[in-house]
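Asks: Sharing a structure here in structure tokens format.
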Amino acid sequence: MSGFAGFGGSLPPLGPGQGGAPVTCMDPIAVTTGTAAIVTANLDMVGRVVSPDLLGVHTSAYDGNMQLATTPDLLKAAGIGSMRYPGGSYADLYHWESHTATWTPAAGAGGNGIYIARDTDFGSFVGFLERVGARAVITVNYGMNPQGMGPGVPQEAAAWVAYANGDPTNTMVIGLDDTGHDWKTVGYWATMRGAGKMPTDDGNNFLRLGHTAPIGIKYWEIGNETYGNGYYHGNCGWEADLRVPYPPDKGTVCTGRKDNPALSPTIYGTAVRQYAAAMKAVDPTIKVGAVLVGDDEYPDWNAKVLAAACPSFDIGILHWYGGNGLTTLPSTPETAIPEIFAHVRSALGTAMFGCPAGMPIMVTEWGPNSLRNAAPPMSTPDAAPVGSQYAGLFAAESYANFMEQGALAVHWLELHNNSFLAQIDWLNDPFTRYNDTRRWGHKGMQIAHLLAAGNDTIVQATVSGTFGAALKAHASVHADGAISVMMTNTNRNVAANVTVNVTGGAGAALGCVGARYAYTPVNTDQDGDIAYEPIYAAANGATVAVAVPQLSTVVVVFPKK
């Protein structure tokens with residue numbers, strides 16, 4: 001049976017094609033409980049094609065569990081297409097060519113310590129990337145030079161492109177940066193990548209991968225949350241930017257940063273031009289992203305960045321942390337995500353900036369807004385946190401809305417934390433007894449992956465009937481003609497008895513036997529798991545009855561009749 005997303009190694013088998021006798025056609029099974037609702041998937045109302053890179057996760061140089069043997073199969077099961085590296089705020093502190101980072105008073109939101117884990121250098125990340133079968137989004141260091149004594153230098157980024165994508169025979173000179181450091185040639189870095197380990201390590205063996213072919217990394221973003229450098233809020237900010245020096249003593253408060261022209265969006269936009277030129281001189285096929293904002297918190301940021309940077313870059317970069325409270329999280333994506341995309345597309349489409357038409361948008365960090373009471377509390381000893389199913393439904397609904405908006409890639413923050421693949425005893429979490437414990441972010445991605453994967457097409461799904469707005473719906477046509485419908489019931493008290501109608505598509509109809517995947521809670525509202533069962537369409541292939549329990553996301557997938 002075609003049209004079903006695959007699941008890999010470390011997960012219990014889900015769905016058809018996992019062994020045993022094939023499921024044969026039966027009469028539809030009636031749904032006898034719940035409040036009635038109708039979901040109509042109109043195959044004639046065609047939306048966007050889903051990017052193969054869309055489902056993504058943020059990885060970090062401080063993740064000591066990056067190389068766990070169990071992780072690749074779990075990421076494959078969730079449909080991961082892209083991974084961001086080397087971190088958020090760490091990206092503006094981290095130096096790929098030495099696998100080191102430099103402390104500043106703005107060493108990242110949530111703390112200002114520095115920790116770089118073993119086996120998270122770029123070469124190790126490439127091995128991890130290839131085991132998963134994903135593509136990368138690399139955040140280059142805008143914040144500081146390798147000496148930690150001044151601003152980031154485009155040559156460091158250009159050398160990274162050379163190392164990843166260059167040809168050993170390429171003699172193009174990358175040259176000296178403004179500190180006098182020689183970044184040598186493209187061929188120098190490409191030769192380093194292809195070389196084998198030296199018997200006596202000269203300090204560069206971690207760069208010698210024996211990877212003679214180019215890695216072929218396409219996507220590169222310039223800095224991380226560069227608006228957080230102190231220009232708007234003063235003090236030290238949270239994003240390292242040595243265009244204005246920090247005080248030498250760790251206990252000293254930063255001054256002179258607010259409204260400082262050296263930290264302005266215009267300076268950042270100018271730097272984007274410089275970085276993009278240096279990086280594309282090495283590999284003109286790469287796509288470069290610039291940091292933008294999706295709301296009016298920094299009202300002049302987009303205009304000034306775009307005026308200085310367009311048309312030199314190719315991708316608009318956003319971060320989004322949604323929601324003002326835990327129980328309302330699942331309803332946040334349907335309004336917030338279209339708003340942030342409309343905000344950025346409006347700015348990008350302003351003629352005076354000269355940006356490339358139809359520029360794609362990536363969301364390289366996102367998740368629930370933990371600063372606004374939208375994060376679940378601590379786990380119980382034998383179950384995920386109270387209320388965590390709301391966060392899982394938020395994840396599933398967000399992925400569906402990102403698909404509908406045509407996002408190029410979206411990266412959940414982050415790979416190993418208490419929301420995606422948890423580590424043992426994460427923050428003294430009593431439920432986390434094993435590394436790579438699957439959490440709500442992973443399950444939300446996995447269920448959304450069943451709605452659509454790369455090159456599938458989103459189509460219109462509407463809700464009617466008596467159930468009301470607590471039921472959300474999305475639909476897609478897979479590249480092989482299979483049809484998926486995803487429904488999320490955000491009501492914690494009432495189940496939905498849904499009749500799914502399929503219309504249009506030049507007479508397309510559902511095959512008799514489909515699959516029903518249900519992500520349902522335990523103990524009313526605690527993060528549950530995903531289960532499969534066969535489901536049967538009406539004989540005419542136009543309708544199917546689907547039970548959607550309280551606080552659950554259900555996806556039905558049918559091959560084309």
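By convention in this document, the chains of the structure tokens carry letters A, B, ... by their order, each chain's residues are numbered from 1, and ligands are numbered from 1 in the order they are shown.
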Give me, as a VMD selection string, all polymer residues having an atom no more than 10 Å from A:Pro168, counting only C-alpha atoms and skipping those fewer than 5 positions away in the same chain.
Replies: chain A and resid 162 to 163 185 to 194 212 to 214
Asks: Those same residues - N, CA and C atoms - I'd like them written as a compact mmCIF listing (two decimals), in the first residue's frame.
Replies:
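This is the output file result.txt:
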```
# COMPACT_ATOMS: atom_id res chain seq x y z
N ALA A 162 33.97 26.97 2.04
CA ALA A 162 35.03 26.28 1.30
C ALA A 162 35.25 24.87 1.86
N TYR A 163 35.29 24.76 3.18
CA TYR A 163 35.50 23.47 3.82
C TYR A 163 34.34 22.52 3.50
N THR A 185 43.15 29.48 1.01
CA THR A 185 42.42 29.30 -0.25
C THR A 185 41.27 28.32 -0.05
N VAL A 186 40.38 28.30 -1.04
CA VAL A 186 39.30 27.32 -1.02
C VAL A 186 39.87 25.91 -1.01
N GLY A 187 40.86 25.67 -1.86
CA GLY A 187 41.45 24.34 -1.94
C GLY A 187 42.09 23.88 -0.65
N TYR A 188 42.65 24.81 0.12
CA TYR A 188 43.26 24.45 1.40
C TYR A 188 42.22 23.79 2.32
N TRP A 189 41.05 24.41 2.42
CA TRP A 189 40.02 23.87 3.33
C TRP A 189 39.40 22.60 2.76
N ALA A 190 39.19 22.55 1.46
CA ALA A 190 38.62 21.35 0.86
C ALA A 190 39.58 20.16 0.98
N THR A 191 40.87 20.43 0.85
CA THR A 191 41.87 19.38 1.03
C THR A 191 41.88 18.88 2.47
N MET A 192 41.73 19.81 3.42
CA MET A 192 41.67 19.42 4.83
C MET A 192 40.48 18.49 5.06
N ARG A 193 39.35 18.83 4.50
CA ARG A 193 38.14 17.99 4.65
C ARG A 193 38.37 16.59 4.12
N GLY A 194 39.06 16.47 2.97
CA GLY A 194 39.24 15.17 2.34
C GLY A 194 40.36 14.33 2.90
N THR A 212 36.14 13.12 0.72
CA THR A 212 36.70 13.75 -0.47
C THR A 212 35.66 14.50 -1.28
N ALA A 213 34.43 14.01 -1.28
CA ALA A 213 33.36 14.70 -2.02
C ALA A 213 32.88 15.90 -1.21
N PRO A 214 32.48 16.97 -1.87
CA PRO A 214 31.88 18.09 -1.14
C PRO A 214 30.67 17.64 -0.33
```
Asks: Quick one: residues within 10 Å of A:Ala469, only C-alpha atoms, excluding same-chain residues fewer than 5 positions away - as a VMD selection string?
Replies: chain A and resid 331 463 to 464 489 to 491
Asks: Taking the DSSP secondary structure from the backbone, can you list the residues of stretch 76-150 of chain A that are strand (DSSP E), as a list in words?
Replies: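 Taking stretch 76-150 of chain A and keeping strand (DSSP E) gives Ser82, Met83, Arg84, Tyr85, Tyr94, His95, Thr100, Ala101, Arg135, Ala136, Val137, Ile138, Thr139 and Val140 of chain A.
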Asks: Residues near A:Phe558, anyone? I mean within 7 Å using only C-alpha atoms, not counting same-chain ones fewer than 4 positions away, as a PyMOL selection string.
Replies: chain A and resi 482-484+510-511+513-515
Asks: Go ahead and write the selection's residues with N, CA, C and O atoms as a CSV table (one decimal), in the first residue's frame.
Replies:
```csv
chain,number,residue,atom,x,y,z
A,482,ALA,N,-2.0,9.6,-2.8
A,482,ALA,CA,-2.6,9.4,-1.5
A,482,ALA,C,-3.2,10.7,-0.9
A,482,ALA,O,-2.7,11.7,-1.2
A,483,ILE,N,-4.2,10.5,-0.1
A,483,ILE,CA,-4.9,11.7,0.5
A,483,ILE,C,-4.8,11.6,2.0
A,483,ILE,O,-5.1,10.5,2.6
A,484,SER,N,-4.3,12.7,2.7
A,484,SER,CA,-4.3,12.7,4.1
A,484,SER,C,-5.2,13.8,4.6
A,484,SER,O,-5.2,14.9,4.1
A,510,LEU,N,-11.2,8.0,-2.2
A,510,LEU,CA,-10.4,7.3,-1.3
A,510,LEU,C,-10.5,5.8,-1.6
A,510,LEU,O,-11.5,5.2,-1.9
A,511,GLY,N,-9.3,5.1,-1.5
A,511,GLY,CA,-9.3,3.7,-1.5
A,511,GLY,C,-10.0,3.1,-0.3
A,511,GLY,O,-10.2,3.8,0.7
A,513,VAL,N,-9.2,0.9,2.1
A,513,VAL,CA,-8.5,0.7,3.4
A,513,VAL,C,-7.5,1.8,3.6
A,513,VAL,O,-6.6,2.1,2.7
A,514,GLY,N,-7.7,2.5,4.6
A,514,GLY,CA,-6.7,3.6,5.0
A,514,GLY,C,-6.1,3.3,6.4
A,514,GLY,O,-6.3,2.2,6.9
A,515,ALA,N,-5.4,4.3,6.8
A,515,ALA,CA,-4.8,4.2,8.2
A,515,ALA,C,-5.2,5.4,9.0
A,515,ALA,O,-5.3,6.5,8.5
```
Asks: So that I can see what lies close to A:Pro333, please list as number ranges by chain the residues with an atom at most 8 Å from it, counting only C-alpha atoms and leaving out residues fewer than 4 positions away in the same chain.
Replies: A: 322, 329, 337-338, 394, 397-398, 401
Asks: For A:Gln155, work out the shell of residues within 10 Å, counting only C-alpha atoms and skipping chain neighbours fewer than 5 positions away, then give it as a list in words.
Replies: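 In the requested form, the answer reads Asn145, Trp160, Val161, Ile174, Gly175, Leu176, Asp177, Asp178, His181, Asp182, Trp183, Lys184, Gln274, Tyr275, Ala278 and Met279 of chain A.
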Asks: I want to know what sits within 6 Å of A:Ala422, based on only C-alpha atoms, with residues of the same chain fewer than 3 positions away left out; could you give that as a list in words?
Replies: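 Near neighbours after the sequence-gap exclusion: His416, Asn417, Asn418, Asp436 and Thr437 of chain A.
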Asks: Calculated over only C-alpha atoms, which of the candidates A:Thr327, A:Thr457, A:Gln389, A:Gln405 has the smallest distance to A:Ile340?
Replies: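 Under the stated criterion, the closest residue is A:Gln405.
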Asks: Could you pull the residues within 8 Å of A:Gly294, counting only C-alpha atoms, minus those fewer than 5 positions along the same chain, as a list in words?
Replies: Leu318, His319, Trp320, Glu339, Ile340, Phe341, His343 and Val344 of chain A
Asks: Write a file of the selected residues as an mmCIF file, in the first residue's frame, keeping all heavy atoms.
Replies:
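result25.cif, written as the output of this step:
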```cif
data_model
loop_
_atom_site.group_PDB
_atom_site.id
_atom_site.type_symbol
_atom_site.label_atom_id
_atom_site.label_comp_id
_atom_site.auth_asym_id
_atom_site.auth_seq_id
_atom_site.Cartn_x
_atom_site.Cartn_y
_atom_site.Cartn_z
ATOM 1 N N LEU A 318 13.284 33.862 10.398
ATOM 2 C CA LEU A 318 12.475 34.252 11.551
ATOM 3 C C LEU A 318 12.720 33.306 12.711
ATOM 4 O O LEU A 318 13.094 32.154 12.521
ATOM 5 C CB LEU A 318 10.980 34.180 11.202
ATOM 6 C CG LEU A 318 10.415 35.120 10.158
ATOM 7 C CD1 LEU A 318 8.929 34.860 10.011
ATOM 8 C CD2 LEU A 318 10.675 36.555 10.546
ATOM 9 N N HIS A 319 12.453 33.809 13.921
ATOM 10 C CA HIS A 319 12.275 32.973 15.104
ATOM 11 C C HIS A 319 10.888 33.271 15.664
ATOM 12 O O HIS A 319 10.409 34.403 15.578
ATOM 13 C CB HIS A 319 13.344 33.265 16.164
ATOM 14 C CG HIS A 319 14.703 32.769 15.767
ATOM 15 N ND1 HIS A 319 15.819 32.962 16.537
ATOM 16 C CD2 HIS A 319 15.136 32.080 14.671
ATOM 17 C CE1 HIS A 319 16.874 32.416 15.940
ATOM 18 N NE2 HIS A 319 16.475 31.885 14.810
ATOM 19 N N TRP A 320 10.256 32.243 16.216
ATOM 20 C CA TRP A 320 8.890 32.421 16.733
ATOM 21 C C TRP A 320 8.670 31.539 17.943
ATOM 22 O O TRP A 320 8.855 30.325 17.865
ATOM 23 C CB TRP A 320 7.857 32.069 15.652
ATOM 24 C CG TRP A 320 6.440 32.160 16.140
ATOM 25 C CD1 TRP A 320 5.778 33.279 16.525
ATOM 26 C CD2 TRP A 320 5.519 31.072 16.300
ATOM 27 N NE1 TRP A 320 4.486 32.964 16.904
ATOM 28 C CE2 TRP A 320 4.312 31.617 16.771
ATOM 29 C CE3 TRP A 320 5.604 29.699 16.071
ATOM 30 C CZ2 TRP A 320 3.182 30.829 17.037
ATOM 31 C CZ3 TRP A 320 4.481 28.913 16.338
ATOM 32 C CH2 TRP A 320 3.291 29.476 16.804
ATOM 33 N N GLU A 339 0.027 35.469 10.524
ATOM 34 C CA GLU A 339 0.353 36.875 10.779
ATOM 35 C C GLU A 339 1.847 37.146 10.618
ATOM 36 O O GLU A 339 2.238 38.148 10.004
ATOM 37 C CB GLU A 339 -0.104 37.272 12.188
ATOM 38 C CG GLU A 339 -1.604 37.451 12.314
ATOM 39 C CD GLU A 339 -2.031 37.727 13.756
ATOM 40 O OE1 GLU A 339 -1.152 37.747 14.656
ATOM 41 O OE2 GLU A 339 -3.245 37.921 13.979
ATOM 42 N N ILE A 340 2.689 36.282 11.164
ATOM 43 C CA ILE A 340 4.124 36.562 11.051
ATOM 44 C C ILE A 340 4.606 36.425 9.612
ATOM 45 O O ILE A 340 5.464 37.184 9.155
ATOM 46 C CB ILE A 340 4.976 35.698 12.021
ATOM 47 C CG1 ILE A 340 4.863 34.208 11.708
ATOM 48 C CG2 ILE A 340 4.609 35.982 13.472
ATOM 49 C CD1 ILE A 340 5.814 33.332 12.529
ATOM 50 N N PHE A 341 4.036 35.463 8.878
ATOM 51 C CA PHE A 341 4.433 35.324 7.479
ATOM 52 C C PHE A 341 3.945 36.514 6.653
ATOM 53 O O PHE A 341 4.669 37.012 5.785
ATOM 54 C CB PHE A 341 3.917 34.006 6.904
ATOM 55 C CG PHE A 341 4.842 32.846 7.157
ATOM 56 C CD1 PHE A 341 4.971 32.295 8.422
ATOM 57 C CD2 PHE A 341 5.607 32.316 6.136
ATOM 58 C CE1 PHE A 341 5.839 31.247 8.677
ATOM 59 C CE2 PHE A 341 6.479 31.260 6.363
ATOM 60 C CZ PHE A 341 6.600 30.729 7.642
ATOM 61 N N HIS A 343 3.503 39.519 7.751
ATOM 62 C CA HIS A 343 4.319 40.664 8.155
ATOM 63 C C HIS A 343 5.634 40.684 7.376
ATOM 64 O O HIS A 343 6.040 41.724 6.832
ATOM 65 C CB HIS A 343 4.587 40.586 9.657
ATOM 66 C CG HIS A 343 5.305 41.752 10.225
ATOM 67 N ND1 HIS A 343 4.666 42.863 10.723
ATOM 68 C CD2 HIS A 343 6.633 42.002 10.376
ATOM 69 C CE1 HIS A 343 5.559 43.738 11.158
ATOM 70 N NE2 HIS A 343 6.764 43.235 10.963
ATOM 71 N N VAL A 344 6.291 39.550 7.304
ATOM 72 C CA VAL A 344 7.587 39.494 6.624
ATOM 73 C C VAL A 344 7.418 39.592 5.115
ATOM 74 O O VAL A 344 8.191 40.278 4.439
ATOM 75 C CB VAL A 344 8.346 38.216 7.022
ATOM 76 C CG1 VAL A 344 9.611 38.062 6.205
ATOM 77 C CG2 VAL A 344 8.688 38.264 8.502
#
```
Asks: Could you tell me how far atom CA of A:Ala391 sits from atom CA of A:Gly444, in Å to one decimal place?
Replies: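 Those two atoms sit 8.5 Å apart.
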Asks: Quote the spacing between atom CA of A:Trp440 and atom CA of A:Ala396 in Å to one decimal place.
Replies: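 The value is 9.1 Å.
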Asks: Could you tell me which of A:Ile315, A:Leu93, A:Ile447, A:Ala69 comes closest to A:Pro360 if we count only C-alpha atoms?
Replies: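 Checking each candidate against A:Pro360, we get A:Ile315 as the closest.
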Asks: A:Trp301, A:Phe431, A:Tyr390, A:Phe420: which is nearest A:Thr328, counting only C-alpha atoms?
Replies: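 Comparing A:Trp301, A:Phe431, A:Tyr390, A:Phe420 against A:Thr328, the winner is A:Tyr390.
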Asks: Pick the closest to A:Gly133 from A:Arg118, A:His233, A:Lys76, A:Lys560: which is it, counting only C-alpha atoms?
Replies: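 Nearest candidate to A:Gly133 out of A:Arg118, A:His233, A:Lys76, A:Lys560: A:Lys76.
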Asks: Write out as a VMD selection string all residues of stretch 345-391 of chain A that backbone DSSP assigns to alpha helix (DSSP H).
Replies: chain A and resid 345 to 348 388 to 391
Asks: With only C-alpha atoms as the basis for distance, which of A:Ala164, A:Leu415, A:Val244, A:Leu129 is at the shortest distance from A:Met144?
Replies: A:Val244
